[in-house]
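One structure below.
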Amino acid sequence: MLTSLLRLGRGYVRIRLTGYSPERFLNLCRSREILIWDLQNNGIAYEMCLSVRDFRRLKPLLRKTHSRMILLERHGLPFFLYRYRKRKMFFAGIVLAGCILYGLSFFIWNIHIEGNISLSTEVVLEYLESEQVVHGMWKKDVDCEAIRTGLRIRYPDIVWVSAEIRGTRLIIRMKENRDSFQPDTQEEEGPRDIVAAKDGTLTSILVRSGVPKAQAGEAVEEGQLLISGTLDILDDAGTVLRNQYVPSDGTIYAETTYPYEDYFLLSHEEQVYTGRKRRTFYLEAGEQRLTLCNPFQNFSNSSTIKKEYPLHLTENFYLPLIFGTTVNEEYEILVRSYTKEEAESLAKAHLKEFIEKLREKGVQIIKNDVKISTTDYYCQARGTIYVIEEIGRPVPLVPKEEPLMLPEEQKDTGS
């Protein structure tokens, strides 16, 4: 690869050699260290490649061997420059483009953030913007140490962060404390009762803390007390001396029901794509956008798919340009009617989706009593879904105020 580039840079030619003794010519080239490559014999002549410098040394050898030479091809930079020697603006444009690229390399054109989970990229970019770290800023004005310190102070959940400049990119890597955004499954500690979240029949009750107020097989109503957080402290005679309040804790399952109803008309509107598309290209630089489109293709109804591609020369040399495409696909709105089979299949799909959402919540389905009926105009699904689910709901417990006892009452009580 490197040899080919050097040959193109210096220039080389391909010639055809004919005559009485071409083998002698080749031997003379070897003795004078004239480099030849891609040598081919086509039966009546030899074809070969050699550099421009060696090509100029062939005249004495041709005369000595009584050979003739035909120039077939010219390759390389010297011939390219000679061919376009009158197009000065072309070369000036190349030099200008090189200068522009060199100037763009002094700025930050892409801020890349990775490792963020709970913090969105938009939130981090907004913070960086408040600290005057934005796209298009000078690379020399970027203080990576200040960025690292500021992010750790602003977001304490970040346990590690790094910032570095590569090419025209500012790359920020971070690691968050996973425990900080895990859902908190523990309720606030404090006195509380557990009541029924809905009507049902208890199937099991497991008490870890508190006093059970219901038992398995009992029908309960919404709001009914299931586990009390009030503990009675008794004396030896069984008299209540005082109350102690604890946070109730337990797992309570009950058989409950979910009413289900789904209704839709057989006549409905559908989007039918016609196959006609309009593709729009645009080039965006900062807030300026240059759009190239066909103004004669305007669709009344269409869906849009948009894609953007930031332009970059290498992995880390980004340019302040974004190339984008927008595809509009035309569709027509047609009024159609479901057949009876299609309507029942759609109703079953809706019911299945409803049941799957219940299962995602940890609900156990024990019976599905939903009936689907179809008329000439509509389809209806109605019925009840019987399930077993956890119905315990904690509620704060307000301790009762203990009555004040006078000294005489305390003395009598003590006696």
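Chain labels run A, B, ... following the order of the structure tokens; each chain numbers its residues from 1, and ligands are numbered from 1 in the order shown.
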Note to self: List as a VMD selection string the protein and nucleic acid residues near Glu73 in chain A, meaning an atom at most 10 Å away when only C-alpha atoms are counted, but skip any in the same chain fewer than 4 places from it.
What the structure shows: chain A and resid 12 to 16 49
Keeping only C-alpha atoms, take the residues you just selected and write them out as a PDB file, in the first residue's frame.
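again-v8.pdb, freshly written:
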ATOM      1  CA  TYR A  12       4.875   6.527 -13.308  1.00  0.00           C
ATOM      2  CA  VAL A  13       4.131   5.463 -16.896  1.00  0.00           C
ATOM      3  CA  ARG A  14       3.242   2.264 -18.720  1.00  0.00           C
ATOM      4  CA  ILE A  15       5.022   1.569 -21.991  1.00  0.00           C
ATOM      5  CA  ARG A  16       5.008  -1.032 -24.775  1.00  0.00           C
ATOM      6  CA  CYS A  49       5.564   0.114 -15.751  1.00  0.00           C
TER       7      CYS A  49
END
Notebook entry, point to check: Quick one: residues within 6 Å of Tyr260 in chain A, only C-alpha atoms counted, chain neighbours fewer than 2 positions away excluded, as a PyMOL selection string?
Noted result: chain A and resi 382-384
Atoms kept (C-alpha atoms) for selection, written as a short mmCIF file (atom, residue, chain, number, x, y, z; two decimals), in the first residue's frame:
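As written to disk, result_1.cif reads:
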data_model
loop_
_atom_site.label_atom_id
_atom_site.label_comp_id
_atom_site.auth_asym_id
_atom_site.auth_seq_id
_atom_site.Cartn_x
_atom_site.Cartn_y
_atom_site.Cartn_z
CA ARG A 382 -68.32 -8.12 29.03
CA GLY A 383 -67.80 -10.19 32.14
CA THR A 384 -65.76 -10.69 35.30
#
Margin query: Let me make sure I understand: among A:Pro399, A:Gly200, A:Pro320, A:Pro247, which one has the smallest atom-to-atom distance to Val387 in chain A if we use only C-alpha atoms?
Written below: A:Gly200
Item checked: Near-Arg276 in chain A list (9 Å; only C-alpha atoms; drop same-chain fewer than 3 positions) as a PyMOL selection string -> chain A and resi 273+328-331
Margin query: Quick check, in Å to one decimal: how far apart do CA of Thr374 in chain A and CA of Glu344 in chain A lie?
Written below: 7.5 Å
